[in-house]
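run.txt follows (compact mmCIF, C-alpha atoms and all ligand atoms):
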# COMPACT_ATOMS: atom_id res chain seq x y z
CA MET A 1023 105.86 116.66 110.21
CA TYR A 1024 103.07 114.13 109.96
CA LEU A 1025 99.94 113.97 107.81
CA ASP A 1026 96.99 111.92 109.09
CA SER A 1027 95.51 110.62 105.83
CA HIS A 1028 92.28 109.29 107.34
CA ALA A 1029 90.48 110.85 110.30
CA HIS A 1030 86.88 111.35 111.39
CA LEU A 1031 87.42 114.42 113.51
CA ASP A 1032 83.79 115.43 112.99
CA ASP A 1033 82.75 112.45 115.16
CA GLU A 1034 80.67 113.54 118.12
CA ARG A 1035 83.19 111.92 120.47
CA PHE A 1036 85.52 114.86 119.73
CA GLN A 1037 83.06 117.63 120.49
CA LYS A 1038 83.91 118.13 124.15
CA ASP A 1039 87.67 118.56 123.91
CA PHE A 1040 88.12 119.57 120.27
CA GLU A 1041 90.48 122.47 121.02
CA GLU A 1042 92.65 120.30 123.27
CA ILE A 1043 93.01 117.76 120.48
CA LEU A 1044 94.13 120.48 118.08
CA ALA A 1045 96.76 121.59 120.60
CA ARG A 1046 97.95 118.00 121.05
CA MET A 1047 98.23 117.54 117.28
CA LYS A 1048 100.41 120.59 116.99
CA HIS A 1049 102.57 119.37 119.85
CA SER A 1050 103.00 115.95 118.14
CA GLY A 1051 104.03 117.51 114.84
CA VAL A 1052 100.83 116.52 113.03
CA THR A 1053 100.38 119.41 110.63
CA ALA A 1054 97.79 118.17 108.13
CA MET A 1055 94.93 115.71 107.81
CA MET A 1056 92.26 114.38 105.53
CA ASN A 1057 88.82 114.19 107.12
CA ILE A 1058 86.85 111.38 105.55
CA GLY A 1059 83.09 111.14 105.00
CA CYS A 1060 81.10 107.95 105.61
CA ASP A 1061 77.62 109.15 104.70
CA LEU A 1062 75.99 112.46 103.77
CA PRO A 1063 76.11 114.22 107.18
CA SER A 1064 79.78 113.28 107.79
CA SER A 1065 80.68 114.28 104.22
CA GLU A 1066 79.11 117.70 104.77
CA ASN A 1067 80.88 117.95 108.13
CA SER A 1068 84.19 117.09 106.46
CA VAL A 1069 83.76 119.95 103.99
CA ARG A 1070 82.87 122.29 106.87
CA LEU A 1071 86.00 121.31 108.82
CA ALA A 1072 88.15 121.79 105.72
CA GLU A 1073 86.65 125.23 105.25
CA THR A 1074 87.34 126.17 108.86
CA TYR A 1075 90.90 124.88 109.23
CA PRO A 1076 93.55 125.47 106.55
CA TRP A 1077 95.35 122.22 107.43
CA VAL A 1078 92.28 120.01 106.92
CA TRP A 1079 91.19 118.59 103.57
CA ALA A 1080 88.04 116.59 102.91
CA ALA A 1081 86.80 113.42 101.24
CA VAL A 1082 83.11 112.85 100.59
CA GLY A 1083 81.29 109.58 100.01
CA SER A 1084 79.35 106.66 101.40
CA HIS A 1085 80.97 103.83 103.38
CA PRO A 1086 79.66 100.32 102.56
CA ASP A 1087 77.41 100.57 105.66
CA ASP A 1088 75.65 103.47 103.94
CA ALA A 1089 75.57 101.82 100.51
CA ASP A 1090 71.79 101.46 100.57
CA HIS A 1091 71.52 105.27 100.44
CA VAL A 1092 73.59 105.63 97.29
CA ASP A 1093 71.41 106.41 94.29
CA GLU A 1094 71.59 108.94 91.44
CA ALA A 1095 70.22 111.69 93.70
CA ARG A 1096 72.93 111.06 96.31
CA ILE A 1097 75.63 110.95 93.63
CA ALA A 1098 74.37 114.35 92.43
CA VAL A 1099 74.77 115.75 95.97
CA TYR A 1100 78.33 114.36 96.22
CA ARG A 1101 79.10 115.81 92.77
CA GLU A 1102 78.07 119.25 94.07
CA LEU A 1103 80.14 118.90 97.26
CA CYS A 1104 83.18 117.95 95.14
CA LYS A 1105 83.09 121.39 93.52
CA HIS A 1106 84.52 122.74 96.77
CA PRO A 1107 88.26 123.26 96.21
CA ARG A 1108 89.16 121.61 99.53
CA VAL A 1109 87.48 118.31 98.63
CA LYS A 1110 90.36 116.15 97.45
CA ALA A 1111 88.90 112.63 97.24
CA ILE A 1112 85.81 110.43 97.09
CA GLY A 1113 85.62 108.30 100.23
CA GLU A 1114 85.35 106.29 102.08
CA ILE A 1115 83.78 103.86 99.65
CA GLY A 1116 84.17 100.13 99.17
CA LEU A 1117 83.08 96.74 100.45
CA ASP A 1118 82.70 95.24 103.91
CA TYR A 1119 81.81 91.55 103.91
CA HIS A 1120 82.77 91.17 107.58
CA TYR A 1121 79.79 93.01 109.01
CA GLU A 1122 77.75 92.92 105.79
CA ASP A 1123 75.19 95.36 107.22
CA VAL A 1124 74.09 95.97 103.65
CA PRO A 1125 73.71 93.12 101.08
CA ARG A 1126 76.81 92.52 98.94
CA GLU A 1127 75.12 93.36 95.66
CA VAL A 1128 74.01 96.73 97.04
CA GLN A 1129 77.54 97.43 98.31
CA LYS A 1130 79.04 96.60 94.93
CA GLN A 1131 76.57 98.85 93.13
CA ALA A 1132 77.33 101.80 95.45
CA PHE A 1133 81.07 101.20 95.13
CA ARG A 1134 80.84 101.20 91.32
CA MET A 1135 78.69 104.34 91.21
CA GLN A 1136 81.18 106.23 93.40
CA MET A 1137 84.18 104.93 91.43
CA ALA A 1138 82.43 106.23 88.30
CA LEU A 1139 82.01 109.62 89.98
CA ALA A 1140 85.72 109.67 90.87
CA GLN A 1141 86.57 108.87 87.26
CA GLU A 1142 84.25 111.60 85.98
CA LEU A 1143 85.77 114.20 88.32
CA SER A 1144 89.38 112.93 88.09
CA LEU A 1145 89.54 112.54 91.88
CA PRO A 1146 91.35 109.81 93.86
CA VAL A 1147 89.39 107.48 96.13
CA VAL A 1148 89.69 106.26 99.72
CA VAL A 1149 88.68 102.60 99.84
CA HIS A 1150 87.43 100.64 102.84
CA GLU A 1151 87.70 96.94 102.04
CA ARG A 1152 87.23 94.17 104.56
CA GLU A 1153 87.05 90.47 103.72
CA ALA A 1154 86.11 91.36 100.16
CA HIS A 1155 89.55 91.23 98.56
CA GLU A 1156 88.57 89.53 95.30
CA ASP A 1157 85.56 91.73 94.54
CA GLY A 1158 87.50 94.81 95.67
CA LEU A 1159 90.30 94.21 93.21
CA ARG A 1160 87.85 93.30 90.44
CA ILE A 1161 86.03 96.63 90.78
CA VAL A 1162 89.35 98.53 90.96
CA ASP A 1163 90.23 96.91 87.63
CA GLU A 1164 86.97 98.10 86.08
CA PHE A 1165 88.19 101.71 86.55
CA PRO A 1166 91.83 101.74 85.44
CA ASP A 1167 91.98 105.56 85.43
CA VAL A 1168 90.99 105.83 89.10
CA LYS A 1169 93.76 105.68 91.73
CA GLY A 1170 93.51 105.78 95.49
CA VAL A 1171 94.36 104.18 98.79
CA PHE A 1172 93.19 100.98 100.45
CA HIS A 1173 92.93 102.37 103.97
CA CYS A 1174 93.47 100.38 107.18
CA TYR A 1175 94.87 97.69 104.95
CA SER A 1176 93.95 94.15 105.97
CA GLY A 1177 94.79 92.11 102.87
CA SER A 1178 97.76 90.00 101.87
CA LEU A 1179 101.20 91.17 100.71
CA GLU A 1180 100.38 89.64 97.34
CA MET A 1181 97.30 91.82 96.90
CA ALA A 1182 99.16 94.90 98.16
CA LYS A 1183 101.73 94.31 95.43
CA GLU A 1184 98.93 94.07 92.87
CA LEU A 1185 97.56 97.42 94.05
CA VAL A 1186 101.00 99.03 94.02
CA LYS A 1187 101.48 97.77 90.47
CA ARG A 1188 98.29 99.60 89.52
CA GLY A 1189 99.56 102.87 91.04
CA TRP A 1190 97.58 102.59 94.27
CA TYR A 1191 98.63 103.35 97.86
CA ILE A 1192 98.30 101.33 101.08
CA GLY A 1193 97.14 102.97 104.32
CA PHE A 1194 98.25 101.79 107.78
CA THR A 1195 96.51 102.53 111.09
CA GLY A 1196 97.38 101.68 114.68
CA VAL A 1197 96.67 98.05 113.79
CA VAL A 1198 100.29 97.77 112.59
CA THR A 1199 101.42 98.38 116.20
CA PHE A 1200 99.30 95.53 117.63
CA LYS A 1201 101.08 92.40 118.84
CA ASN A 1202 99.06 90.10 116.56
CA ALA A 1203 99.45 92.30 113.46
CA ARG A 1204 101.48 89.79 111.46
CA LYS A 1205 99.88 90.56 108.08
CA ALA A 1206 99.94 94.36 108.30
CA VAL A 1207 103.56 94.22 109.49
CA GLU A 1208 104.60 92.04 106.57
CA VAL A 1209 103.00 94.48 104.11
CA ALA A 1210 104.47 97.57 105.81
CA GLU A 1211 107.93 96.01 105.64
CA ASN A 1212 107.82 94.97 102.02
CA ILE A 1213 106.00 97.47 99.82
CA PRO A 1214 107.83 100.50 98.36
CA LEU A 1215 108.04 103.42 100.79
CA ASP A 1216 106.59 105.79 98.20
CA ARG A 1217 103.27 103.86 98.34
CA ILE A 1218 102.69 104.01 102.11
CA LEU A 1219 100.22 106.32 103.85
CA ILE A 1220 99.74 106.57 107.61
CA GLU A 1221 96.43 107.30 109.26
CA THR A 1222 94.59 107.13 112.55
CA ASP A 1223 91.03 106.29 111.37
CA CYS A 1224 90.18 108.05 114.63
CA PRO A 1225 88.18 107.71 116.83
CA TYR A 1226 88.90 104.02 116.08
CA MET A 1227 92.11 101.94 115.83
CA ALA A 1228 94.24 103.67 118.48
CA PRO A 1229 97.87 102.52 118.27
CA GLU A 1230 99.77 100.88 121.11
CA PRO A 1231 100.16 101.91 123.91
CA TYR A 1232 96.67 103.43 123.63
CA ARG A 1233 94.92 100.41 122.08
CA GLY A 1234 91.21 100.29 122.93
CA ARG A 1235 90.97 103.97 123.82
CA ARG A 1236 89.58 106.81 121.76
CA ASN A 1237 92.06 107.58 119.01
CA ASP A 1238 92.85 111.09 117.71
CA PRO A 1239 95.19 112.55 115.05
CA SER A 1240 97.92 113.40 117.58
CA LEU A 1241 98.65 109.65 117.81
CA VAL A 1242 99.54 109.12 114.14
CA PRO A 1243 103.31 109.43 114.92
CA PHE A 1244 103.03 106.07 116.75
CA VAL A 1245 102.08 104.45 113.44
CA ALA A 1246 105.04 106.16 111.76
CA ALA A 1247 107.37 105.05 114.57
CA LYS A 1248 106.35 101.40 114.15
CA ILE A 1249 106.87 101.47 110.37
CA ALA A 1250 110.18 103.27 110.91
CA GLN A 1251 111.30 100.52 113.27
CA LEU A 1252 110.29 97.82 110.76
CA ARG A 1253 112.22 99.50 107.96
CA GLY A 1254 115.26 100.67 109.93
CA LEU A 1255 114.49 104.36 109.46
CA ALA A 1256 113.80 107.33 111.73
CA PRO A 1257 110.14 108.15 112.50
CA GLU A 1258 110.68 111.60 110.97
CA ASP A 1259 111.74 109.97 107.69
CA ILE A 1260 108.50 107.99 107.61
CA GLY A 1261 106.55 111.14 108.53
CA LYS A 1262 108.15 113.06 105.68
CA ALA A 1263 107.77 110.29 103.09
CA THR A 1264 104.15 109.50 103.95
CA SER A 1265 103.21 113.20 103.96
CA GLU A 1266 104.70 113.57 100.49
CA ASN A 1267 102.84 110.45 99.36
CA ALA A 1268 99.51 111.76 100.64
CA ARG A 1269 100.10 115.17 99.08
CA ARG A 1270 100.93 113.51 95.76
CA LEU A 1271 97.85 111.24 95.82
CA PHE A 1272 95.37 113.88 96.97
CA CYS A 1273 97.00 116.85 95.15
CA ILE A 1274 97.36 118.79 98.39
CA GLU A 1275 99.55 121.85 98.06
CA GLU A 1276 102.76 122.13 100.08
CA GLY A 1277 103.15 124.33 103.13
CA LYS A 1278 101.03 124.26 106.25
NI NI B 1301 87.31 105.50 108.34

Show me this structure written as structure tokens.
Amino acid sequence: MYLDSHAHLDDERFQKDFEEILARMKHSGVTAMMNIGCDLPSSENSVRLAETYPWVWAAVGSHPDDADHVDEARIAVYRELCKHPRVKAIGEIGLDYHYEDVPREVQKQAFRMQMALAQELSLPVVVHEREAHEDGLRIVDEFPDVKGVFHCYSGSLEMAKELVKRGWYIGFTGVVTFKNARKAVEVAENIPLDRILIETDCPYMAPEPYRGRRNDPSLVPFVAAKIAQLRGLAPEDIGKATSENARRLFCIEEGK
């Protein structure tokens, strides 16, 4: 049994063959997923999916690319959406200094406002952080009561250990299966198993042997299989452990 902790199944690229993807997920043993918002429309879509399918849960929030739309009015809308019992996290929020589509100061402000909302509502967060390690950790430290996951982790082992020390989780995508994934591999090998989440981040980040193609939640077992190989365990063991980790972090009830 696998839980995809980070998917964007509301993406328009899934519209045509949505039912086929659901069938493939079932076939691959993927029995639960978190659908993650990036902006207001995708946050609303995530809630809708979670309402429709009992094995989907939602996160709502603004990705750093959407940070320039985060103001008090938007926070109020997210606060309302979070009243839905199937919304289990704020996300994805954070910092992206690689693309830097939005100025850094604006990104930091939006990140802080959404961390404050998570604190107010006692919800975990899903963090997107790229090439902003120092500022990312600094803002995490400003909100010691807020826990979450650094998804599609791209930082050092040292920083991963710092996050683990603070009670956070580390999320791995198909990147860990890539030939040049030295850093992600090192982190996946060395952090405690009870802090690891697996995810697709679909439609992006398809694992080998599907690299470069459209990703979907049925491929998350490939991420588990790679981590299992690194740690000398069976893929099912990684599936079970990472599902339990995600359920613990997001307070998702057992079953399904
Ligand atoms: Ni994402």

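Across the structure, atom CA of A:Lys1048 and atom CA of A:Trp1077 are spaced 10.9 Å apart.
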
For this session: Name all residues at most 12 Å from stretch 1204-1209 of chain A (count all atoms listed in the file; drop same-chain ones fewer than 6 positions away) and give them as a PyMOL selection string.
Result: chain A and resi 1173-1186+1191-1198+1215+1217-1218+1245+1248-1253

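Here the question is which of A:Val1168, A:Ala1256, A:Ala1263, A:Leu1241 gets nearest to A:Ile1043 using all atoms listed in the file, and that residue is A:Leu1241.
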
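Of the listed residues A:Ala1089, A:Leu1025, A:Cys1224, A:Cys1104, the one whose atoms come nearest to A:Ala1268 is A:Leu1025, with distances taken using all atoms listed in the file.
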
What are the closest atom pairs, with distances in Å to one decimal, for each residue of chain A lying within 9 Å of ligand NI 1301 (chain B), using all atoms listed in the file, rows by chain and rising residue number, as JSON lines?
{"residue": "A:His1028", "atom": "CA", "partner": "B:NI1301", "partner_atom": "NI", "distance": 6.3}
{"residue": "A:Ala1029", "atom": "CA", "partner": "B:NI1301", "partner_atom": "NI", "distance": 6.5}
{"residue": "A:His1030", "atom": "CA", "partner": "B:NI1301", "partner_atom": "NI", "distance": 6.6}
{"residue": "A:Asn1057", "atom": "CA", "partner": "B:NI1301", "partner_atom": "NI", "distance": 8.9}
{"residue": "A:Ile1058", "atom": "CA", "partner": "B:NI1301", "partner_atom": "NI", "distance": 6.5}
{"residue": "A:Gly1059", "atom": "CA", "partner": "B:NI1301", "partner_atom": "NI", "distance": 7.8}
{"residue": "A:Cys1060", "atom": "CA", "partner": "B:NI1301", "partner_atom": "NI", "distance": 7.2}
{"residue": "A:His1085", "atom": "CA", "partner": "B:NI1301", "partner_atom": "NI", "distance": 8.2}
{"residue": "A:Gly1113", "atom": "CA", "partner": "B:NI1301", "partner_atom": "NI", "distance": 8.7}
{"residue": "A:Glu1114", "atom": "CA", "partner": "B:NI1301", "partner_atom": "NI", "distance": 6.6}
{"residue": "A:Val1148", "atom": "CA", "partner": "B:NI1301", "partner_atom": "NI", "distance": 9.0}
{"residue": "A:His1150", "atom": "CA", "partner": "B:NI1301", "partner_atom": "NI", "distance": 7.3}
{"residue": "A:His1173", "atom": "CA", "partner": "B:NI1301", "partner_atom": "NI", "distance": 7.8}
{"residue": "A:Cys1174", "atom": "CA", "partner": "B:NI1301", "partner_atom": "NI", "distance": 8.1}
{"residue": "A:Thr1222", "atom": "CA", "partner": "B:NI1301", "partner_atom": "NI", "distance": 8.6}
{"residue": "A:Asp1223", "atom": "CA", "partner": "B:NI1301", "partner_atom": "NI", "distance": 4.9}
{"residue": "A:Cys1224", "atom": "CA", "partner": "B:NI1301", "partner_atom": "NI", "distance": 7.4}
{"residue": "A:Pro1225", "atom": "CA", "partner": "B:NI1301", "partner_atom": "NI", "distance": 8.8}
{"residue": "A:Tyr1226", "atom": "CA", "partner": "B:NI1301", "partner_atom": "NI", "distance": 8.0}

Write a file of the just-selected residues containing C-alpha atoms, as a PDB file, in the coordinates of the input.
ATOM      1  CA  HIS A1028      92.280 109.290 107.340  1.00  0.00           C
ATOM      2  CA  ALA A1029      90.480 110.850 110.300  1.00  0.00           C
ATOM      3  CA  HIS A1030      86.880 111.350 111.390  1.00  0.00           C
ATOM      4  CA  ASN A1057      88.820 114.190 107.120  1.00  0.00           C
ATOM      5  CA  ILE A1058      86.850 111.380 105.550  1.00  0.00           C
ATOM      6  CA  GLY A1059      83.090 111.140 105.000  1.00  0.00           C
ATOM      7  CA  CYS A1060      81.100 107.950 105.610  1.00  0.00           C
ATOM      8  CA  HIS A1085      80.970 103.830 103.380  1.00  0.00           C
ATOM      9  CA  GLY A1113      85.620 108.300 100.230  1.00  0.00           C
ATOM     10  CA  GLU A1114      85.350 106.290 102.080  1.00  0.00           C
ATOM     11  CA  VAL A1148      89.690 106.260  99.720  1.00  0.00           C
ATOM     12  CA  HIS A1150      87.430 100.640 102.840  1.00  0.00           C
ATOM     13  CA  HIS A1173      92.930 102.370 103.970  1.00  0.00           C
ATOM     14  CA  CYS A1174      93.470 100.380 107.180  1.00  0.00           C
ATOM     15  CA  THR A1222      94.590 107.130 112.550  1.00  0.00           C
ATOM     16  CA  ASP A1223      91.030 106.290 111.370  1.00  0.00           C
ATOM     17  CA  CYS A1224      90.180 108.050 114.630  1.00  0.00           C
ATOM     18  CA  PRO A1225      88.180 107.710 116.830  1.00  0.00           C
ATOM     19  CA  TYR A1226      88.900 104.020 116.080  1.00  0.00           C
TER      20      TYR A1226
END

Exercise. Which neighbours of A:His1049 fall inside 12 Å, counting only C-alpha atoms, when residues of the same chain fewer than 5 positions from it are skipped, and could you give them as number ranges by chain?
Worked result: A: 1023-1024, 1042-1044, 1239-1241, 1243
